[in-house]
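Novice: I'm passing along final17.cif; it holds mmCIF, C-alpha atoms.
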data_input
#
loop_
_atom_site.label_atom_id
_atom_site.label_comp_id
_atom_site.auth_asym_id
_atom_site.auth_seq_id
_atom_site.Cartn_x
_atom_site.Cartn_y
_atom_site.Cartn_z
CA MET A 1378 224.95 145.46 -38.02
CA ALA A 1379 221.42 146.43 -37.11
CA ASP A 1380 219.96 144.23 -39.78
CA ALA A 1381 221.89 141.21 -38.66
CA ASN A 1382 220.64 141.59 -35.02
CA ASP A 1383 217.06 142.01 -36.10
CA ASP A 1384 217.25 138.77 -38.10
CA GLU A 1385 218.53 136.86 -35.07
CA THR A 1386 215.75 138.24 -32.87
CA LYS A 1387 213.08 137.16 -35.30
CA LYS A 1388 214.51 133.63 -35.49
CA GLU A 1389 214.48 133.23 -31.66
CA GLY A 1390 211.20 135.03 -30.74
CA SER A 1391 208.70 133.81 -33.34
CA ASN A 1392 207.65 130.62 -35.13
CA PRO A 1393 205.15 131.44 -37.75
CA GLN A 1394 204.43 127.73 -38.41
CA GLY A 1395 203.26 126.93 -34.72
CA PRO A 1396 204.61 124.26 -32.25
CA SER A 1397 207.13 121.87 -33.54
CA SER A 1398 206.50 118.16 -33.86
CA SER A 1399 208.59 117.48 -30.76
CA ASP A 1400 206.40 119.79 -28.71
CA ARG A 1401 203.29 118.02 -29.90
CA SER A 1402 204.75 114.64 -28.97
CA ILE A 1403 205.43 115.80 -25.42
CA THR A 1404 201.89 117.10 -25.05
CA ARG A 1405 200.41 113.82 -26.27
CA ARG A 1406 202.52 111.86 -23.84
CA ASN A 1407 201.37 114.07 -20.96
CA LEU A 1408 197.75 113.61 -21.93
CA LEU A 1409 198.19 109.85 -22.17
CA ARG A 1410 199.82 109.78 -18.75
CA ALA A 1411 197.02 111.83 -17.27
CA GLY A 1412 194.38 109.62 -18.84
CA LEU A 1413 196.16 106.48 -17.65
CA ALA A 1414 196.40 107.87 -14.12
CA LEU A 1415 192.71 108.76 -14.15
CA GLY A 1416 191.84 105.27 -15.42
CA ILE A 1417 193.88 103.63 -12.65
CA VAL A 1418 192.14 105.79 -10.01
CA SER A 1419 188.73 104.88 -11.42
CA MET A 1420 189.63 101.19 -11.50
CA ILE A 1421 190.83 101.27 -7.86
CA ALA A 1422 187.59 103.00 -6.79
CA GLY A 1423 185.56 100.35 -8.59
CA ILE A 1424 187.47 97.52 -6.95
CA ALA A 1425 186.98 99.12 -3.52
CA SER A 1426 183.25 99.45 -4.15
CA ILE A 1427 182.95 95.79 -5.20
CA THR A 1428 184.97 94.62 -2.18
CA LYS A 1429 182.76 96.62 0.21
CA SER A 1430 179.62 95.12 -1.29
CA LEU A 1431 181.01 91.58 -0.97
CA PHE A 1432 181.95 91.84 2.71
CA ALA A 1433 179.18 94.13 3.96
CA PRO A 1434 176.14 92.32 5.56
CA ALA A 1435 173.18 91.94 3.25
CA ASN A 1436 170.78 93.48 5.75
CA PRO A 1437 172.74 95.69 8.08
CA PRO A 1438 171.04 96.07 11.44
CA SER A 1439 169.39 99.34 12.03
CA PRO A 1440 170.56 101.23 15.07
CA VAL A 1441 168.44 100.55 18.14
CA GLU A 1442 167.97 103.19 20.73
CA ALA A 1443 168.65 101.84 24.17
CA GLN A 1444 165.57 101.80 26.33
CA THR A 1445 165.52 101.21 30.04
CA SER A 1446 162.31 100.29 31.75
CA THR A 1447 161.25 98.47 34.88
CA PRO A 1448 158.10 96.38 34.52
CA THR A 1449 155.17 96.95 36.79
CA VAL A 1450 154.37 93.99 39.03
CA THR A 1451 151.02 93.69 40.70
CA LYS A 1452 150.34 91.09 43.31
CA THR A 1453 147.04 90.55 44.99
CA SER A 1454 146.39 87.85 47.47
CA THR A 1455 143.35 86.97 49.47
CA VAL A 1456 143.44 84.66 52.43
CA THR A 1457 140.32 83.45 54.25
CA VAL A 1458 140.70 81.60 57.54
CA THR A 1459 137.76 80.02 59.31
CA GLN A 1460 138.36 78.82 62.85
CA GLN A 1461 135.27 76.75 63.26
CA GLY A 1462 136.59 74.98 66.34
CA ALA A 1463 136.62 78.27 68.22
CA GLY A 1464 133.45 79.55 66.61
CA GLN A 1465 135.45 82.31 64.99
CA ASN A 1466 135.31 83.42 61.40
CA ALA A 1467 138.30 85.47 60.38
CA THR A 1468 138.82 86.95 56.96
CA ALA A 1469 141.98 88.71 55.99
CA THR A 1470 142.44 90.34 52.65
CA SER A 1471 145.72 91.88 51.68
CA SER A 1472 146.68 93.53 48.45
CA ALA A 1473 150.06 94.86 47.46
CA THR A 1474 151.03 96.76 44.34
CA SER A 1475 154.60 97.46 43.23
CA ALA A 1476 155.12 100.46 40.91
CA LYS A 1477 157.83 100.87 38.21
CA SER A 1478 161.11 102.68 38.79
CA SER A 1479 160.27 104.01 42.23
CA GLN A 1480 159.18 100.53 43.37
CA SER A 1481 156.60 102.16 45.56
CA SER A 1482 154.01 99.86 47.02
CA SER A 1483 150.66 100.21 48.67
CA ALA A 1484 149.14 97.55 50.84
CA SER A 1485 145.81 97.33 52.54
CA THR A 1486 144.87 94.68 55.03
CA THR A 1487 141.41 94.15 56.31
CA ALA A 1488 140.89 91.67 59.09
CA SER A 1489 137.88 91.02 61.17
CA THR A 1490 137.56 88.47 63.91
CA SER A 1491 134.44 87.88 65.90
CA SER A 1492 133.14 85.11 68.10
CA PRO A 1493 129.41 84.89 68.68
CA PHE A 1494 129.98 82.17 71.30
CA PRO A 1495 129.64 83.31 74.90
CA GLN A 1496 132.57 82.97 77.29
CA VAL A 1497 131.35 81.19 80.41
CA ILE A 1498 133.07 79.88 83.56
CA VAL A 1499 132.17 76.20 83.88
CA ALA A 1500 134.53 75.03 86.65
CA ASN A 1501 137.80 75.62 88.46
CA VAL A 1502 140.81 73.36 88.11
CA SER A 1503 140.98 72.81 91.88
CA ASP A 1504 137.35 71.63 92.04
CA LEU A 1505 137.66 68.79 89.52
CA GLN A 1506 138.42 65.23 90.61
CA VAL A 1507 139.59 62.46 88.28
CA ASN A 1508 136.68 60.60 86.66
CA GLN A 1509 134.07 62.84 88.32
CA PRO A 1510 132.19 64.61 85.50
CA VAL A 1511 130.39 67.90 86.07
CA SER A 1512 127.39 68.79 83.94
CA PHE A 1513 126.77 72.23 82.40
CA ASN A 1514 124.80 73.67 79.50
CA TYR A 1515 126.55 75.39 76.61
CA PRO A 1516 126.29 77.30 74.28
CA LEU A 1517 122.53 77.17 74.70
CA GLU A 1518 120.53 76.56 77.84
CA GLU A 1519 119.06 73.56 76.01
CA THR A 1520 122.33 71.80 75.05
CA PRO A 1521 123.95 69.69 77.84
CA ASN A 1522 127.66 68.87 78.22
CA ILE A 1523 130.06 67.41 80.76
CA ILE A 1524 133.51 68.56 81.89
CA VAL A 1525 135.77 65.90 83.35
CA LYS A 1526 139.35 65.38 84.50
CA LEU A 1527 140.41 62.12 82.83
CA GLY A 1528 143.67 61.51 84.67
CA VAL A 1529 145.50 61.06 81.34
CA LYS A 1530 146.53 63.69 78.81
CA ALA A 1531 143.83 64.10 76.19
CA SER A 1532 143.28 65.78 72.85
CA GLY A 1533 142.17 69.36 73.48
CA GLY A 1534 142.78 68.95 77.21
CA VAL A 1535 143.57 71.90 79.46
CA GLY A 1536 144.87 72.37 82.99
CA PRO A 1537 148.30 71.56 84.47
CA ASP A 1538 148.12 67.94 83.23
CA GLY A 1539 146.31 68.61 79.94
CA ASP A 1540 143.64 66.09 80.98
CA ILE A 1541 140.56 68.26 81.48
CA VAL A 1542 138.09 67.98 78.59
CA ALA A 1543 134.46 68.82 77.91
CA TYR A 1544 132.01 67.32 75.41
CA SER A 1545 128.42 67.52 74.29
CA VAL A 1546 126.49 64.54 75.65
CA VAL A 1547 123.90 64.50 72.86
CA CYS A 1548 124.60 61.35 70.84
CA GLN A 1549 125.26 61.87 67.15
CA HIS A 1550 123.19 58.82 66.23
CA LEU A 1551 119.65 59.74 67.32
CA GLY A 1552 120.14 62.37 70.02
CA CYS A 1553 120.08 60.22 73.17
CA ILE A 1554 122.13 61.29 76.20
CA VAL A 1555 125.64 59.86 76.42
CA GLY A 1556 126.94 58.72 79.84
CA PHE A 1557 130.54 58.83 81.09
CA LEU A 1558 132.49 55.62 81.77
CA PRO A 1559 135.86 55.57 83.56
CA ALA A 1560 138.34 52.99 82.38
CA GLY A 1561 137.38 49.47 83.55
CA SER A 1562 133.76 50.35 84.31
CA ALA A 1563 130.58 49.22 82.53
CA PRO A 1564 127.22 50.93 81.94
CA ASN A 1565 124.14 49.79 83.85
CA CYS A 1566 122.41 49.08 80.53
CA ASP A 1567 125.08 46.59 79.47
CA PRO A 1568 127.34 45.14 82.20
CA THR A 1569 129.39 43.35 79.55
CA ALA A 1570 130.49 46.59 77.85
CA LYS A 1571 133.57 47.27 79.96
CA ALA A 1572 135.40 50.48 79.04
CA SER A 1573 139.03 50.14 77.94
CA GLY A 1574 139.62 53.83 78.73
CA PRO A 1575 137.64 56.98 79.55
CA GLN A 1576 134.58 56.71 77.30
CA GLY A 1577 131.22 58.17 76.49
CA TYR A 1578 128.60 55.42 76.17
CA CYS A 1579 125.10 55.71 74.73
CA CYS A 1580 122.71 53.12 76.13
CA CYS A 1581 120.16 53.67 73.36
CA HIS A 1582 122.14 51.83 70.67
CA GLY A 1583 125.61 51.21 72.09
CA SER A 1584 127.61 54.02 70.48
CA VAL A 1585 131.02 54.42 72.15
CA TYR A 1586 133.14 57.61 72.09
CA ASP A 1587 136.85 57.75 72.98
CA LEU A 1588 137.14 60.86 75.17
CA VAL A 1589 140.94 60.80 75.16
CA ASN A 1590 141.05 61.13 71.39
CA GLY A 1591 138.53 63.80 70.49
CA ALA A 1592 135.46 61.58 71.09
CA ALA A 1593 136.28 59.38 68.10
CA VAL A 1594 133.62 56.71 67.58
CA THR A 1595 135.03 53.28 68.48
CA SER A 1596 131.83 51.25 68.38
CA GLY A 1597 128.12 51.49 67.59
CA PRO A 1598 126.09 53.28 64.91
CA ALA A 1599 127.06 56.90 65.64
CA PRO A 1600 128.33 58.37 62.32
CA ARG A 1601 130.60 61.03 63.84
CA PRO A 1602 132.13 62.23 67.15
CA VAL A 1603 130.20 64.31 69.63
CA PRO A 1604 131.34 67.99 69.52
CA GLN A 1605 134.07 69.05 71.95
CA VAL A 1606 133.73 72.20 74.04
CA ILE A 1607 136.72 74.51 73.61
CA LEU A 1608 138.18 75.39 77.01
CA SER A 1609 140.63 77.97 78.32
CA VAL A 1610 142.11 78.48 81.79
CA ASP A 1611 143.04 81.77 83.46
CA ASP A 1612 145.68 82.42 86.11
CA SER A 1613 143.24 81.73 88.94
CA GLY A 1614 142.39 78.28 87.55
CA ASP A 1615 138.94 79.23 86.32
CA ILE A 1616 137.99 77.18 83.26
CA TYR A 1617 136.01 78.94 80.53
CA ALA A 1618 133.92 77.49 77.73
CA THR A 1619 134.65 79.63 74.68
CA GLY A 1620 133.28 77.72 71.70
CA MET A 1621 132.54 74.37 70.09
CA THR A 1622 134.38 72.17 67.62
CA PRO A 1623 132.65 70.62 64.63
CA PRO A 1624 130.52 68.71 63.92
CA SER A 1625 127.43 70.62 64.98
CA ILE A 1626 125.46 69.40 67.97
CA PHE A 1627 122.84 66.82 67.05
CA GLY A 1628 119.59 68.56 66.09
CA HIS A 1629 121.42 71.74 65.04
CA ASP A 1630 121.94 71.22 61.31
CA THR A 1631 123.06 67.70 62.20
CA GLY A 1632 126.34 66.62 60.64
CA SER A 1633 127.33 70.10 59.49
CA ASN A 1634 130.77 71.57 60.14
CA ASN A 1635 129.20 75.02 60.55
CA VAL A 1636 129.44 75.45 64.31
CA LEU A 1637 127.29 78.58 64.15
CA SER A 1638 124.37 76.15 63.89
CA ASP A 1639 124.99 75.34 67.55
CA LEU A 1640 123.77 78.84 68.41
CA GLN A 1641 120.37 78.38 66.75
CA GLY A 1642 117.16 76.94 68.17
CA GLY A 1643 117.48 77.97 71.79
CA THR A 1644 118.63 80.55 74.31
CA LEU A 1645 122.28 81.49 74.68
CA VAL A 1646 123.72 80.91 78.14
CA SER A 1647 124.75 84.07 79.95
CA GLY A 1648 128.36 85.01 79.27
CA GLN A 1649 130.80 86.18 81.91
#
Show me the file's structure as structure tokens.
Specialist:
Amino acid sequence: MADANDDETKKEGSNPQGPSSSDRSITRRNLLRAGLALGIVSMIAGIASITKSLFAPANPPSPVEAQTSTPTVTKTSTVTVTQQGAGQNATATSSATSAKSSQSSSASTTASTSSPFPQVIVANVSDLQVNQPVSFNYPLEETPNIIVKLGVKASGGVGPDGDIVAYSVVCQHLGCIVGFLPAGSAPNCDPTAKASGPQGYCCCHGSVYDLVNGAAVTSGPAPRPVPQVILSVDDSGDIYATGMTPPSIFGHDTGSNNVLSDLQGGTLVSGQ
């Protein structure tokens, strides 16, 4: 009995000739399956790589870091104002600078105003009668003018009716003295030259100035108007001469618009 059992055990527990052909077939099939699976995975990876390359942009944009900045704005302006009519030169310079994020600004303004012309009382409103000129010298003791109430509103006129004006009486042609003519009157030098309105008339060569309209030349050889005296009135009715309009008075850089020339070549009248 013992020998028979030993023989059975040997048959079941050992195979001296190695794996059977059926075992080898199973192993080969497993290897083939594994290789096929690996090949499919590799093929899928390749297809995915090709697809990505086809649809990806050729030159992908590089990431840009967001930057926030506020530009600096600088503004500089210069304004020069010359008030020649009032004999005032005013210069104003302003500069402004705006900084970046804080938007801080700095501004500097320099302004200077000066009038070298004297301020002189030349009449009172209550003392003036229509078409009755009053003579006075201004801005120099050597430069004569008249102040007159025209009875009609005039350019540059002052007073309650805006009809009081003052002008240099030195003709802009050759420097003769200009006389005043009320409307409808004629000069002694030419009885035929009847004035159509309040006029200045020069008997030397017949130059005529329209005193209602800034002494515009209406006849004769004068090349430009006679200068107008700038007037102001205070609460008491006193009338002040405060400056001259261009052009300059004849003989003082004749024909210039620089009214400071009117202050040269003589003695300033006393200011009040």
Novice: As an exercise, work out the distance from atom CA of A:Asn1565 to atom CA of A:Cys1579 in Å and give it to one decimal place.
Specialist: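 Atom-to-atom, atom CA of A:Asn1565 to atom CA of A:Cys1579, that is 10.9 Å.
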Novice: So what does the PyMOL selection byres ((chain A and resi 1527) around 7) actually pick up in this one, as a compact mmCIF listing (two decimals) with C-alpha atoms, in the frame of the given file?
Specialist:
# COMPACT_ATOMS: atom_id res chain seq x y z
CA VAL A 1507 139.59 62.46 88.28
CA ASN A 1508 136.68 60.60 86.66
CA VAL A 1525 135.77 65.90 83.35
CA LYS A 1526 139.35 65.38 84.50
CA GLY A 1528 143.67 61.51 84.67
CA VAL A 1529 145.50 61.06 81.34
CA ASP A 1540 143.64 66.09 80.98
CA ILE A 1541 140.56 68.26 81.48
CA PRO A 1575 137.64 56.98 79.55
Novice: For A:Ser1491, which of A:Val1535, A:Val1646, A:Ala1543, A:Leu1637 is the closest residue, counting all atoms listed in the file?
Specialist: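 Checking each of A:Val1535, A:Val1646, A:Ala1543, A:Leu1637 against A:Ser1491, counting all atoms listed in the file, the winner is A:Leu1637.
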Novice: With all atoms listed in the file as the basis for distance, which of A:Ala1618, A:Ile1421, A:Ala1500, A:Ile1626 is at the shortest distance from A:Val1546?
Specialist: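 That would be A:Ile1626, the residue with the smallest distance to A:Val1546.
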Novice: Give me the residues within 6 Å of A:Tyr1617 as a PyMOL selection string, counting all atoms listed in the file and dropping any in the same chain fewer than 5 places off.
Specialist: chain A and resi 1497-1499+1608-1609
Novice: Interatomic distance between atom CA of A:Tyr1586 and atom CA of A:Val1603?
Specialist: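 Taking atom CA of A:Tyr1586 and atom CA of A:Val1603, their separation equals 7.7 Å.
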Novice: Using only C-alpha atoms, determine which residues lie at most 8 Å from A:Phe1557, disregarding the query and same-chain residues fewer than 6 positions distant; provide the list as a PDB file with C-alpha atoms, in the coordinates of the input.
Specialist:
ATOM      1  CA  PRO A1510     132.190  64.610  85.500  1.00  0.00           C
ATOM      2  CA  PRO A1575     137.640  56.980  79.550  1.00  0.00           C
ATOM      3  CA  GLN A1576     134.580  56.710  77.300  1.00  0.00           C
ATOM      4  CA  GLY A1577     131.220  58.170  76.490  1.00  0.00           C
ATOM      5  CA  TYR A1578     128.600  55.420  76.170  1.00  0.00           C
TER       6      TYR A1578
END
Novice: Counting only C-alpha atoms, figure out which residue out of A:Gln1605, A:Asn1634, A:Ser1512, A:Asn1590 gets nearest to A:Gly1620.
Specialist: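 Of A:Gln1605, A:Asn1634, A:Ser1512, A:Asn1590, the one nearest A:Gly1620, counting only C-alpha atoms, is A:Gln1605.
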Novice: Could you tell me, as number ranges by chain, exactly which residues end up selected when the PyMOL selection byres ((chain A and resi 1615) around 7) is applied to this structure?
Specialist: A: 1498, 1500-1502, 1610-1611, 1613-1614, 1616-1617
Novice: Around stretch 1588-1594 of chain A, fit a box with edges along x, y and z, padding it by 6 Å on each side, then list its centre and edge lengths in Å to one decimal as JSON.
Specialist:
{"center_x": 137.3, "center_y": 60.3, "center_z": 71.4, "size_x": 19.4, "size_y": 19.1, "size_z": 19.6}
Novice: Report as a ChimeraX atom specification the full result of the PyMOL selection byres ((chain A and resi 1563) around 12) when it is applied to this structure.
Specialist: /A:1556-1562,1564-1580,1583,1585
Novice: Please indicate the distance in Å from atom CA of A:Arg1601 to atom CA of A:Ser1633, rounded to one decimal place.
Specialist: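 Atom CA of A:Ser1633 lies at a distance of 10.6 Å from atom CA of A:Arg1601.
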